[in-house]
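Please read the structure below before turning to the comments.
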Amino acid sequence: MLSIYLKEINSFLNSLIAYGVIIIFLTGVGLFIWVFPEYSILNYGFADLETLFSMSPYLFMFLIPAITMRTFAEEKKDGTIELLFTKPLTDWQIILGKYFSGLTLVLLALVPTLIYYYSVYRLGDPVGNIDSASVFGSYIGLVLLGAVFTSIGIFASAVTMNQIVSFILAGALCFLVFSGFGYISTLQISGNISALTDQLGIQYHYAALSKGLVDSRDVLYYLSVCFTMLLLTKLALGSRKW
């Protein structure tokens with residue numbers, strides 16, 4: 001797994017993908033936090049990072065599929081995937097190596113946003129007048145969200161050899177899992193079913209973590225979705241033996 005991980009990381013860092021994703025993400029978030037009047041904390045007047053955590057999931061829906069779209073699709077298109085499977089590696093080692101390399105790139109994009117936290121911390125009146133527990137709970141939610149979206153992107157890349165199709169499929173699935181269940185729950189159905197449907201979506205659990213309360217049930221939900229998507233990836237790759 002380590003060899004696949006290092007190979008993928010080197011591939012990312014030797015291309016414009018890694019740098020492009022990080023720059024686009026930081027620029028997009030920065031514009032929302034500091035520039036756009038309807039979102040800017042300078043106009044809002046409160047020392048918080050709600051804008052960062054409310055807009056990042058939607059930026060992730062585009063940026064993470066851009067990272068993962070080539071993981072398996074490119075290997076299939078170039079015909080190198082058969083060579084990959086001849087190596088003394090299990091399917092899980094290959095999948096996890098590619099998965100963690102993509103997740104690492106997502107984490108690298110998040111680290112510089114701590115500058116925004118420090119800036120808002122210093123701008124508070126008095127200095128430090130920011131709900132740090134809520135901020136770090138939201139960061140945990142954002143990391144877990146990145147983990148889920150990366151697993152979805154890996155799955156989308158495993159079921160096609162076209163990178164564009166992989167990108168579109170991953171983006172659509174990320175949106176469905178994040179917001180789709182919430183929209184469905186607003187339909188005119190019974191209260192219990194609406195509540196249950198809402199809880200099936202990531203947005204419900206993401207909002208819970210954003211309050212600063214890290215509940216093991218929310219973490220378990222994220223991990224379960226990740227495992228399910230990676231298992232589906234394993235089944236998709238295993239279909240070559242059928």
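Going through the structure tokens in order, the chains are called A, B, and so on, while each chain numbers its residues from 1 and the ligands are numbered from 1 in the order shown.
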Checklist entry - Skipping near chain neighbours, those fewer than 6 positions away, what residues fall within 12 Å of Ile154 of chain A using only C-alpha atoms, listed as a VMD selection string? => result chain A and resid 64 to 74 94 to 103 147 to 148 160 163 166 to 167 169 to 171 173 to 174 226 to 234 236 to 237
Would you output that residue set with N, CA and C atoms, as a compact mmCIF listing (two decimals), in the first residue's frame?
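Output contents, as saved in out.txt:
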```txt
# COMPACT_ATOMS: atom_id res chain seq x y z
N ILE A 64 -12.57 17.87 -5.07
CA ILE A 64 -12.19 16.49 -4.76
C ILE A 64 -12.41 15.55 -5.95
N PRO A 65 -13.52 15.65 -6.67
CA PRO A 65 -13.64 14.84 -7.90
C PRO A 65 -12.54 15.14 -8.91
N ALA A 66 -12.04 16.39 -8.93
CA ALA A 66 -10.95 16.73 -9.83
C ALA A 66 -9.66 16.01 -9.42
N ILE A 67 -9.50 15.78 -8.11
CA ILE A 67 -8.33 15.07 -7.60
C ILE A 67 -8.42 13.58 -7.91
N THR A 68 -9.60 13.01 -7.68
CA THR A 68 -9.74 11.55 -7.74
C THR A 68 -10.09 11.01 -9.13
N MET A 69 -10.48 11.87 -10.06
CA MET A 69 -11.02 11.37 -11.33
C MET A 69 -10.01 10.55 -12.13
N ARG A 70 -8.73 10.76 -11.87
CA ARG A 70 -7.71 10.05 -12.64
C ARG A 70 -7.21 8.78 -11.97
N THR A 71 -7.58 8.54 -10.72
CA THR A 71 -6.95 7.47 -9.94
C THR A 71 -7.03 6.10 -10.62
N PHE A 72 -8.22 5.70 -11.03
CA PHE A 72 -8.38 4.43 -11.74
C PHE A 72 -8.72 4.63 -13.21
N ALA A 73 -9.45 5.70 -13.52
CA ALA A 73 -9.88 5.94 -14.90
C ALA A 73 -8.68 6.08 -15.84
N GLU A 74 -7.66 6.79 -15.39
CA GLU A 74 -6.47 6.99 -16.22
C GLU A 74 -5.72 5.67 -16.41
N ILE A 94 -4.18 -1.57 -3.07
CA ILE A 94 -4.21 -0.62 -4.18
C ILE A 94 -5.23 0.48 -3.92
N ILE A 95 -6.42 0.08 -3.50
CA ILE A 95 -7.50 1.04 -3.24
C ILE A 95 -7.11 2.01 -2.13
N LEU A 96 -6.62 1.46 -1.01
CA LEU A 96 -6.28 2.31 0.13
C LEU A 96 -5.09 3.22 -0.17
N GLY A 97 -4.14 2.72 -0.94
CA GLY A 97 -3.00 3.55 -1.32
C GLY A 97 -3.45 4.77 -2.11
N LYS A 98 -4.33 4.55 -3.08
CA LYS A 98 -4.86 5.66 -3.88
C LYS A 98 -5.78 6.55 -3.05
N TYR A 99 -6.56 5.93 -2.17
CA TYR A 99 -7.49 6.70 -1.34
C TYR A 99 -6.75 7.65 -0.41
N PHE A 100 -5.77 7.13 0.31
CA PHE A 100 -5.06 7.97 1.28
C PHE A 100 -4.20 9.05 0.60
N SER A 101 -3.75 8.78 -0.61
CA SER A 101 -3.00 9.82 -1.33
C SER A 101 -3.92 10.98 -1.69
N GLY A 102 -5.14 10.66 -2.14
CA GLY A 102 -6.11 11.71 -2.43
C GLY A 102 -6.51 12.48 -1.19
N LEU A 103 -6.73 11.75 -0.09
CA LEU A 103 -7.11 12.38 1.17
C LEU A 103 -5.99 13.28 1.69
N ALA A 147 -12.90 13.06 3.66
CA ALA A 147 -12.66 11.62 3.59
C ALA A 147 -13.78 10.91 2.85
N VAL A 148 -15.03 11.31 3.12
CA VAL A 148 -16.18 10.71 2.43
C VAL A 148 -16.16 11.04 0.95
N THR A 160 -15.38 3.69 -14.41
CA THR A 160 -15.29 4.20 -15.77
C THR A 160 -13.84 4.42 -16.15
N GLN A 163 -12.17 10.12 -17.57
CA GLN A 163 -11.99 10.99 -16.42
C GLN A 163 -13.10 12.02 -16.29
N SER A 166 -16.01 10.33 -14.77
CA SER A 166 -15.70 10.12 -13.36
C SER A 166 -15.92 11.39 -12.56
N PHE A 167 -15.48 12.52 -13.09
CA PHE A 167 -15.63 13.81 -12.42
C PHE A 167 -17.11 14.15 -12.22
N LEU A 169 -19.77 12.11 -12.35
CA LEU A 169 -20.42 11.13 -11.47
C LEU A 169 -20.09 11.38 -10.01
N ALA A 170 -18.81 11.64 -9.73
CA ALA A 170 -18.39 11.89 -8.35
C ALA A 170 -19.05 13.16 -7.81
N GLY A 171 -19.08 14.22 -8.61
CA GLY A 171 -19.71 15.45 -8.17
C GLY A 171 -21.19 15.27 -7.86
N LEU A 173 -22.73 12.42 -7.06
CA LEU A 173 -22.89 11.57 -5.87
C LEU A 173 -22.58 12.35 -4.59
N CYS A 174 -21.56 13.19 -4.64
CA CYS A 174 -21.22 14.01 -3.47
C CYS A 174 -22.37 14.93 -3.10
N CYS A 226 -17.60 5.99 4.31
CA CYS A 226 -16.28 5.77 3.67
C CYS A 226 -16.07 4.29 3.36
N PHE A 227 -16.33 3.44 4.36
CA PHE A 227 -16.13 2.01 4.17
C PHE A 227 -17.05 1.47 3.08
N THR A 228 -18.29 1.93 3.06
CA THR A 228 -19.25 1.46 2.05
C THR A 228 -18.78 1.81 0.65
N MET A 229 -18.32 3.05 0.46
CA MET A 229 -17.87 3.47 -0.87
C MET A 229 -16.60 2.73 -1.29
N LEU A 230 -15.70 2.50 -0.35
CA LEU A 230 -14.47 1.76 -0.68
C LEU A 230 -14.79 0.29 -0.97
N LEU A 231 -15.78 -0.26 -0.27
CA LEU A 231 -16.21 -1.63 -0.53
C LEU A 231 -16.81 -1.73 -1.94
N LEU A 232 -17.61 -0.74 -2.32
CA LEU A 232 -18.17 -0.71 -3.68
C LEU A 232 -17.05 -0.59 -4.72
N THR A 233 -16.01 0.15 -4.37
CA THR A 233 -14.85 0.25 -5.27
C THR A 233 -14.19 -1.11 -5.44
N LYS A 234 -14.06 -1.82 -4.32
CA LYS A 234 -13.48 -3.18 -4.36
C LYS A 234 -14.32 -4.08 -5.24
N ALA A 236 -16.27 -3.14 -7.68
CA ALA A 236 -16.15 -2.68 -9.08
C ALA A 236 -14.86 -3.20 -9.71
N LEU A 237 -13.78 -3.16 -8.96
CA LEU A 237 -12.51 -3.66 -9.47
C LEU A 237 -12.52 -5.19 -9.57
```
Item to check | Within 7 Å of segment 201-210 of chain A using only C-alpha atoms, minus same-chain residues under 3 positions, as JSON, numbers by chain | outcome: {"A": [134, 137, 138, 141, 177, 178, 179, 181, 182, 198, 213, 214, 218]}
Against segment 32-38 of chain A, which residues of segment 103-179 of chain A fall within 12 Å? For each one I want the closest pair of atoms and the distance in Å (one decimal), counting only C-alpha atoms, rows by chain and increasing residue number, as JSON lines.
```
{"residue": "A:Thr113", "atom": "CA", "partner": "A:Ile33", "partner_atom": "CA", "distance": 10.9}
{"residue": "A:Tyr116", "atom": "CA", "partner": "A:Ile33", "partner_atom": "CA", "distance": 8.6}
{"residue": "A:Tyr117", "atom": "CA", "partner": "A:Ile33", "partner_atom": "CA", "distance": 10.8}
{"residue": "A:Ser119", "atom": "CA", "partner": "A:Trp34", "partner_atom": "CA", "distance": 10.8}
{"residue": "A:Val120", "atom": "CA", "partner": "A:Ile33", "partner_atom": "CA", "distance": 10.1}
```
Please save C-alpha atoms of the selected residues as a PDB file, in the first residue's frame.
```pdb
ATOM      1  CA  THR A 113      -6.988  27.791   6.176  1.00  0.00           C
ATOM      2  CA  TYR A 116      -7.978  32.427   8.441  1.00  0.00           C
ATOM      3  CA  TYR A 117      -8.681  31.163  11.953  1.00  0.00           C
ATOM      4  CA  SER A 119      -6.691  36.222  11.488  1.00  0.00           C
ATOM      5  CA  VAL A 120     -10.242  36.120  12.855  1.00  0.00           C
TER       6      VAL A 120
END
```
Checklist entry - Which distance in Å separates atom CA of Ile22 of chain A and atom CA of Ala109 of chain A, to one decimal? => result 4.8 Å
Checklist entry - Excluding same-chain residues fewer than 5 positions from Tyr19 of chain A, what lies within 10 Å of it counting only C-alpha atoms, as a ChimeraX atom specification? => result /A:12-14,24-25,105,108-109
